[in-house]
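Here's the structure we're looking at; comments come further down.
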Amino acid sequence: MARVVFSYLRRSRRVAGFAVDDCCIADGADTFCGLPLVPLSRLQERFSSAVCSVLPAVGFLEMNELRRRKQRELEAMGYTVERYIHESVLEHDGVTVGAGSVILDHVAVHPGTRIGRGVFIAGNVNIGHDCTIGDFCWINAGVSLAGCVQVGDGTFFGVNSCVGNGVDIGARNFIGANTLIGKNTADDEVYVSPAGVKFPLGSREFLTYSRILEH
C-alpha cells in the first residue's frame, strides 16, 4: 500500500521517507523505494513533527481498524496528518475530505458529498451528490454510489460494487465485488454476490456457438 501511495504522491509532494512498526522491519533493512525506512518508535528522531507531516498508507486489515489506530497513534505523536487528492479529481462545491484520506485518479465526487477521515478511494470510482462517507472506509476501483448514500465508518466496498440512490449502509459492512445494494443495511453485515459460473464449452467453441445463436 505504501508503494502505491508513494507512486502517486511523489509526483506532487516531497516524500522524505517511510516508517513502519518496529516488528515489521527485516534485519538490516533501512530503505524502501530508495528512501529512508525507520522504525515507528524512532520516527520523531529522524523526521520531526515540527518539520514533517504524515500520510498513513495502510490497507483494510481488521475491517479498517488498523488504519484507524495508526492514524490516531501518529496524531498523538504530534504529526499533522495530510490527505491526498489526485489532480484529475474535480473539486465540486460542498465537497469535504477528512485528514488521512486518499483519493486516486479519475474519481468523480459530486457536489455536496462529505468524505470522512482516513478513507481510501481507488481509481475510477463514482460518488453521487450529497453522499456521506464515514471515517476509515475502503472503496475499491469501479465502485459506484448513487446520490444521497450514507456509509457508516469502516465499511469495505469490493471492485465494481454499487449502491442505489438514498440507501444507508451500516458501519463495518463488507460488500463484495460486483455486488448491488438496493436496501438499507445494518452494522457489521456482509453482502457477497455469486461468483461467475464456468460455462461447459471452451472459449473457441463458445464463440462458434454464439454465432450460431445470432443466426
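Ligands are numbered from 1 in the order shown, residues from 1 within each chain, and chains are lettered A, B, ... in the order they appear in the C-alpha cells.
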Using only C-alpha atoms, which residues of region 165-202 of chain A come within 12 Å of region 52-67 of chain A, and what is the closest atom pair for each, with the distance in Å to one decimal? Give it as JSON lines, sorted by chain and residue number.
```
{"residue": "A:Ala171", "atom": "CA", "partner": "A:Met63", "partner_atom": "CA", "distance": 10.0}
{"residue": "A:Arg172", "atom": "CA", "partner": "A:Met63", "partner_atom": "CA", "distance": 6.5}
{"residue": "A:Asn173", "atom": "CA", "partner": "A:Met63", "partner_atom": "CA", "distance": 8.4}
{"residue": "A:Phe174", "atom": "CA", "partner": "A:Met63", "partner_atom": "CA", "distance": 8.1}
{"residue": "A:Ile175", "atom": "CA", "partner": "A:Met63", "partner_atom": "CA", "distance": 11.4}
{"residue": "A:Asp188", "atom": "CA", "partner": "A:Met63", "partner_atom": "CA", "distance": 9.6}
{"residue": "A:Glu189", "atom": "CA", "partner": "A:Met63", "partner_atom": "CA", "distance": 11.5}
{"residue": "A:Val190", "atom": "CA", "partner": "A:Met63", "partner_atom": "CA", "distance": 11.5}
```
Export of the given selection (C-alpha atoms) as a short mmCIF file (atom, residue, chain, number, x, y, z; two decimals), in the first residue's frame:
```
data_model
loop_
_atom_site.label_atom_id
_atom_site.label_comp_id
_atom_site.auth_asym_id
_atom_site.auth_seq_id
_atom_site.Cartn_x
_atom_site.Cartn_y
_atom_site.Cartn_z
CA ALA A 171 -20.79 0.63 9.80
CA ARG A 172 -18.19 -2.05 9.07
CA ASN A 173 -20.10 -3.65 6.23
CA PHE A 174 -18.21 -5.90 3.81
CA ILE A 175 -19.66 -5.51 0.33
CA ASP A 188 -21.35 -5.47 10.63
CA GLU A 189 -23.12 -7.15 7.73
CA VAL A 190 -21.64 -8.99 4.73
#
```
Query - Non-local contacts of Lys183 (chain A) (9 Å; only C-alpha atoms; under 5 positions in same chain excluded) as a ChimeraX atom specification - result: /A:163-164,166-169
Requested in this report: Show which residues sit within 8 Å of Asp153 (chain A), as a ChimeraX atom specification. Count only C-alpha atoms, and ignore same-chain residues fewer than 6 positions away.
Outcome: /A:133-137,170-172
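Comparing the minimum interatomic distances between Val119 (chain A) and each of A:Arg68, A:Arg10, A:Arg204, A:Arg46, counting only C-alpha atoms, we find that A:Arg68 sits nearest.
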Surrounding residues of region 191-200 of chain A excluding itself and chain neighbours under 3 positions, 9 Å, only C-alpha atoms, as a PDB file with C-alpha atoms, in the first residue's frame:
```pdb
ATOM      1  CA  ASN A 173     -20.098  -3.651   6.229  1.00  0.00           C
ATOM      2  CA  PHE A 174     -18.213  -5.903   3.813  1.00  0.00           C
ATOM      3  CA  ILE A 175     -19.657  -5.506   0.332  1.00  0.00           C
ATOM      4  CA  GLY A 176     -18.045  -7.901  -2.118  1.00  0.00           C
ATOM      5  CA  ALA A 177     -17.047  -7.315  -5.725  1.00  0.00           C
ATOM      6  CA  ASN A 178     -19.857  -6.777  -8.261  1.00  0.00           C
ATOM      7  CA  THR A 179     -22.490  -6.631  -5.511  1.00  0.00           C
ATOM      8  CA  LEU A 180     -25.529  -4.354  -5.867  1.00  0.00           C
ATOM      9  CA  ILE A 181     -27.056  -2.953  -2.658  1.00  0.00           C
ATOM     10  CA  SER A 203     -13.748 -20.376 -25.392  1.00  0.00           C
ATOM     11  CA  PHE A 206     -18.434 -20.912 -27.152  1.00  0.00           C
TER      12      PHE A 206
END
```
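Residues surrounding Leu40 (chain A) within 6 Å are Ala19, Val20 and Asp21 of chain A [only C-alpha atoms; sequence separation below 6 positions excluded].
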Using N, CA and C atoms, can you write the selected residues to a file as an mmCIF file, in the first residue's frame?
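So the final result, stored in part26.cif, reads:
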```
data_model
loop_
_atom_site.group_PDB
_atom_site.id
_atom_site.type_symbol
_atom_site.label_atom_id
_atom_site.label_comp_id
_atom_site.auth_asym_id
_atom_site.auth_seq_id
_atom_site.Cartn_x
_atom_site.Cartn_y
_atom_site.Cartn_z
ATOM 1 N N ALA A 19 7.998 5.012 7.466
ATOM 2 C CA ALA A 19 8.084 4.447 8.815
ATOM 3 C C ALA A 19 7.116 3.286 8.921
ATOM 4 N N VAL A 20 7.479 2.294 9.726
ATOM 5 C CA VAL A 20 6.634 1.128 9.927
ATOM 6 C C VAL A 20 6.877 0.612 11.340
ATOM 7 N N ASP A 21 5.936 -0.139 11.868
ATOM 8 C CA ASP A 21 6.121 -0.713 13.204
ATOM 9 C C ASP A 21 7.457 -1.447 13.294
#
```
Requested in this report: For Val5 (chain A), please output as number ranges by chain all residues within 9 Å (counting only C-alpha atoms; exclusion window: fewer than 3 positions along the same chain).
Outcome: A: 1-2, 8-10, 57, 84, 102, 104
Just the selected residues (C-alpha atoms), exported as a PDB file, in the first residue's frame, please.
```pdb
ATOM      1  CA  MET A   1       0.000   0.000   0.000  1.00  0.00           C
ATOM      2  CA  ALA A   2       2.852   2.384   0.812  1.00  0.00           C
ATOM      3  CA  TYR A   8       1.171   8.903  -6.760  1.00  0.00           C
ATOM      4  CA  LEU A   9       2.422  11.184  -4.009  1.00  0.00           C
ATOM      5  CA  ARG A  10       5.974  11.683  -5.276  1.00  0.00           C
ATOM      6  CA  ALA A  57      -0.642   4.054   3.918  1.00  0.00           C
ATOM      7  CA  TYR A  84      -4.048  13.219  -0.953  1.00  0.00           C
ATOM      8  CA  VAL A 102      -6.515   9.216  -0.206  1.00  0.00           C
ATOM      9  CA  LEU A 104      -6.673   8.276  -6.548  1.00  0.00           C
TER      10      LEU A 104
END
```
Pick out the residues sitting within 7 Å of Val143 (chain A), and hand them over as a short mmCIF file (atom, residue, chain, number, x, y, z; two decimals) with C-alpha atoms, in the first residue's frame; count only C-alpha atoms, and ignore anything fewer than 5 positions along from it in its own chain.
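Final output, result19.cif:
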```cif
data_model
loop_
_atom_site.label_atom_id
_atom_site.label_comp_id
_atom_site.auth_asym_id
_atom_site.auth_seq_id
_atom_site.Cartn_x
_atom_site.Cartn_y
_atom_site.Cartn_z
CA VAL A 125 -14.96 5.46 -8.59
CA ASN A 126 -18.22 7.43 -8.88
CA VAL A 159 -14.33 -3.83 -7.01
CA ASN A 160 -17.32 -2.68 -9.11
CA SER A 161 -19.87 -2.87 -6.30
CA CYS A 162 -22.83 -0.47 -6.45
#
```
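Among the candidates A:Arg83, A:Arg13, A:Arg114, A:Arg3, the residue lying nearest to Val151 (chain A) is A:Arg114 (atoms considered: only C-alpha atoms).
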**Report entry** All strand (DSSP E) positions in region 11-204 of chain A, as JSON, numbers by chain
**Finding:** {"A": [18, 19, 20, 31, 32, 35, 36, 37, 38, 39, 84, 85, 96, 97, 102, 103, 108, 109, 114, 115, 120, 121, 126, 127, 132, 133, 138, 139, 144, 145, 150, 151, 156, 157, 162, 163, 168, 169, 174, 175, 180, 181, 190, 191]}
Keeping only N, CA and C atoms, write the selected residues to a file as a tab-separated table (two decimals), in the first residue's frame.
```tsv
chain	number	residue	atom	x	y	z
A	18	PHE	N	9.92	6.67	4.93
A	18	PHE	CA	8.86	5.77	5.35
A	18	PHE	C	9.09	5.32	6.79
A	19	ALA	N	8.00	5.01	7.47
A	19	ALA	CA	8.08	4.45	8.82
A	19	ALA	C	7.12	3.29	8.92
A	20	VAL	N	7.48	2.29	9.73
A	20	VAL	CA	6.63	1.13	9.93
A	20	VAL	C	6.88	0.61	11.34
A	31	THR	N	15.97	1.04	3.96
A	31	THR	CA	15.43	1.83	2.86
A	31	THR	C	14.19	1.15	2.30
A	32	PHE	N	13.33	1.95	1.68
A	32	PHE	CA	12.16	1.45	0.98
A	32	PHE	C	11.89	2.39	-0.18
A	35	LEU	N	14.21	5.35	-0.37
A	35	LEU	CA	14.18	6.39	0.67
A	35	LEU	C	14.38	5.75	2.04
A	36	PRO	N	14.76	6.56	3.05
A	36	PRO	CA	14.98	6.01	4.39
A	36	PRO	C	13.74	5.32	4.95
A	37	LEU	N	13.97	4.19	5.62
A	37	LEU	CA	12.92	3.45	6.31
A	37	LEU	C	13.30	3.38	7.78
A	38	VAL	N	12.41	3.91	8.64
A	38	VAL	CA	12.73	3.97	10.06
A	38	VAL	C	11.67	3.27	10.89
A	39	PRO	N	12.04	2.70	12.05
A	39	PRO	CA	11.03	2.13	12.96
A	39	PRO	C	10.14	3.24	13.49
A	84	TYR	N	-4.52	13.17	0.43
A	84	TYR	CA	-4.05	13.22	-0.95
A	84	TYR	C	-5.24	13.08	-1.88
A	85	ILE	N	-5.37	14.04	-2.79
A	85	ILE	CA	-6.41	14.01	-3.81
A	85	ILE	C	-5.73	14.19	-5.16
A	96	THR	N	-16.21	17.91	1.05
A	96	THR	CA	-15.19	17.97	2.09
A	96	THR	C	-14.52	16.60	2.20
A	97	VAL	N	-13.21	16.62	2.49
A	97	VAL	CA	-12.41	15.39	2.58
A	97	VAL	C	-11.58	15.47	3.85
A	102	VAL	N	-7.23	9.33	1.06
A	102	VAL	CA	-6.51	9.22	-0.21
A	102	VAL	C	-7.54	8.98	-1.30
A	103	ILE	N	-7.52	9.84	-2.33
A	103	ILE	CA	-8.41	9.69	-3.48
A	103	ILE	C	-7.53	9.62	-4.73
A	108	ALA	N	-14.95	10.55	-9.51
A	108	ALA	CA	-15.97	11.60	-9.57
A	108	ALA	C	-16.62	11.72	-8.19
A	109	VAL	N	-16.44	12.87	-7.56
A	109	VAL	CA	-17.07	13.15	-6.27
A	109	VAL	C	-18.01	14.33	-6.50
A	114	ARG	N	-19.61	14.50	1.51
A	114	ARG	CA	-18.65	14.61	2.62
A	114	ARG	C	-17.94	13.28	2.82
A	115	ILE	N	-16.63	13.33	2.78
A	115	ILE	CA	-15.79	12.14	2.93
A	115	ILE	C	-15.03	12.27	4.24
A	120	PHE	N	-9.92	5.52	1.98
A	120	PHE	CA	-9.16	5.22	0.76
A	120	PHE	C	-10.14	5.00	-0.38
A	121	ILE	N	-9.93	5.73	-1.49
A	121	ILE	CA	-10.78	5.59	-2.67
A	121	ILE	C	-9.88	5.33	-3.87
A	126	ASN	N	-17.21	6.37	-8.75
A	126	ASN	CA	-18.22	7.43	-8.88
A	126	ASN	C	-19.00	7.54	-7.57
A	127	ILE	N	-18.95	8.73	-6.98
A	127	ILE	CA	-19.71	9.01	-5.75
A	127	ILE	C	-20.70	10.12	-6.05
A	132	THR	N	-22.56	10.82	2.13
A	132	THR	CA	-21.71	10.95	3.31
A	132	THR	C	-20.96	9.63	3.49
A	133	ILE	N	-19.64	9.70	3.43
A	133	ILE	CA	-18.78	8.52	3.61
A	133	ILE	C	-18.14	8.62	4.99
A	138	TRP	N	-13.07	1.91	2.92
A	138	TRP	CA	-12.20	1.47	1.83
A	138	TRP	C	-13.07	1.23	0.61
A	139	ILE	N	-12.80	1.98	-0.47
A	139	ILE	CA	-13.64	1.92	-1.66
A	139	ILE	C	-12.76	1.54	-2.85
A	144	SER	N	-19.56	2.38	-7.56
A	144	SER	CA	-20.47	3.47	-7.89
A	144	SER	C	-21.52	3.62	-6.79
A	145	LEU	N	-21.56	4.81	-6.20
A	145	LEU	CA	-22.58	5.14	-5.20
A	145	LEU	C	-23.50	6.17	-5.81
A	150	GLN	N	-25.55	7.11	2.39
A	150	GLN	CA	-24.88	7.29	3.67
A	150	GLN	C	-24.11	6.01	3.99
A	151	VAL	N	-22.81	6.15	4.27
A	151	VAL	CA	-21.97	4.98	4.53
A	151	VAL	C	-21.37	5.09	5.93
A	156	PHE	N	-16.17	-1.60	3.82
A	156	PHE	CA	-15.34	-2.02	2.69
A	156	PHE	C	-16.22	-2.27	1.48
A	157	PHE	N	-15.82	-1.70	0.33
A	157	PHE	CA	-16.50	-1.95	-0.94
A	157	PHE	C	-15.55	-2.66	-1.89
A	162	CYS	N	-21.96	-1.62	-6.22
A	162	CYS	CA	-22.83	-0.47	-6.45
A	162	CYS	C	-23.85	-0.32	-5.32
A	163	VAL	N	-24.23	0.93	-5.06
A	163	VAL	CA	-25.27	1.21	-4.06
A	163	VAL	C	-26.30	2.14	-4.69
A	168	ASP	N	-28.83	3.70	2.98
A	168	ASP	CA	-27.95	3.84	4.14
A	168	ASP	C	-27.20	2.53	4.36
A	169	ILE	N	-25.88	2.61	4.36
A	169	ILE	CA	-25.03	1.45	4.59
A	169	ILE	C	-24.49	1.52	6.01
A	174	PHE	N	-19.08	-5.38	4.86
A	174	PHE	CA	-18.21	-5.90	3.81
A	174	PHE	C	-19.09	-6.16	2.61
A	175	ILE	N	-18.86	-5.39	1.55
A	175	ILE	CA	-19.66	-5.51	0.33
A	175	ILE	C	-18.73	-6.01	-0.76
A	180	LEU	N	-24.60	-5.48	-5.83
A	180	LEU	CA	-25.53	-4.35	-5.87
A	180	LEU	C	-26.32	-4.31	-4.57
A	181	ILE	N	-26.29	-3.15	-3.89
A	181	ILE	CA	-27.06	-2.95	-2.66
A	181	ILE	C	-28.18	-1.96	-2.96
A	190	VAL	N	-22.43	-8.57	5.88
A	190	VAL	CA	-21.64	-8.99	4.73
A	190	VAL	C	-22.59	-9.25	3.56
A	191	TYR	N	-22.26	-8.70	2.39
A	191	TYR	CA	-23.03	-8.92	1.18
A	191	TYR	C	-22.08	-9.35	0.07
```
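CA of Ala146 (chain A) to CA of Gly100 (chain A) spans 24.0 Å [interatomic distance, one decimal].
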Requested in this report: Please report, as a VMD selection string, each residue of region 28-211 of chain A to which DSSP assigns helix (DSSP H, G or I) when run on this structure's backbone.
Outcome: chain A and resid 40 to 46 65 to 76 203 to 211
Restricting it to C-alpha atoms, dump the selection as a PDB file, in the first residue's frame.
```
ATOM      1  CA  LEU A  40       7.946   3.934  14.172  1.00  0.00           C
ATOM      2  CA  SER A  41       9.469   4.197  17.645  1.00  0.00           C
ATOM      3  CA  ARG A  42      12.240   6.389  16.187  1.00  0.00           C
ATOM      4  CA  LEU A  43      10.135   8.438  13.789  1.00  0.00           C
ATOM      5  CA  GLN A  44      10.397  11.658  15.794  1.00  0.00           C
ATOM      6  CA  GLU A  45      14.197  11.305  15.960  1.00  0.00           C
ATOM      7  CA  ARG A  46      14.552  11.093  12.189  1.00  0.00           C
ATOM      8  CA  GLU A  65      -9.445  -0.727  12.264  1.00  0.00           C
ATOM      9  CA  LEU A  66      -5.656  -0.999  11.929  1.00  0.00           C
ATOM     10  CA  ARG A  67      -5.580   2.122   9.761  1.00  0.00           C
ATOM     11  CA  ARG A  68      -7.691   3.959  12.325  1.00  0.00           C
ATOM     12  CA  ARG A  69      -5.316   3.012  15.145  1.00  0.00           C
ATOM     13  CA  LYS A  70      -2.225   4.050  13.198  1.00  0.00           C
ATOM     14  CA  GLN A  71      -3.656   7.433  12.288  1.00  0.00           C
ATOM     15  CA  ARG A  72      -4.582   8.099  15.921  1.00  0.00           C
ATOM     16  CA  GLU A  73      -1.110   6.994  17.014  1.00  0.00           C
ATOM     17  CA  LEU A  74       0.555   9.415  14.605  1.00  0.00           C
ATOM     18  CA  GLU A  75      -1.716  12.245  15.696  1.00  0.00           C
ATOM     19  CA  ALA A  76      -0.872  11.506  19.337  1.00  0.00           C
ATOM     20  CA  SER A 203     -13.748 -20.376 -25.392  1.00  0.00           C
ATOM     21  CA  ARG A 204     -13.409 -21.183 -29.129  1.00  0.00           C
ATOM     22  CA  GLU A 205     -16.431 -23.490 -29.075  1.00  0.00           C
ATOM     23  CA  PHE A 206     -18.434 -20.912 -27.152  1.00  0.00           C
ATOM     24  CA  LEU A 207     -17.753 -18.206 -29.747  1.00  0.00           C
ATOM     25  CA  THR A 208     -18.792 -20.562 -32.529  1.00  0.00           C
ATOM     26  CA  TYR A 209     -21.947 -21.459 -30.587  1.00  0.00           C
ATOM     27  CA  SER A 210     -22.724 -17.766 -30.013  1.00  0.00           C
ATOM     28  CA  ARG A 211     -22.515 -17.004 -33.744  1.00  0.00           C
TER      29      ARG A 211
END
```
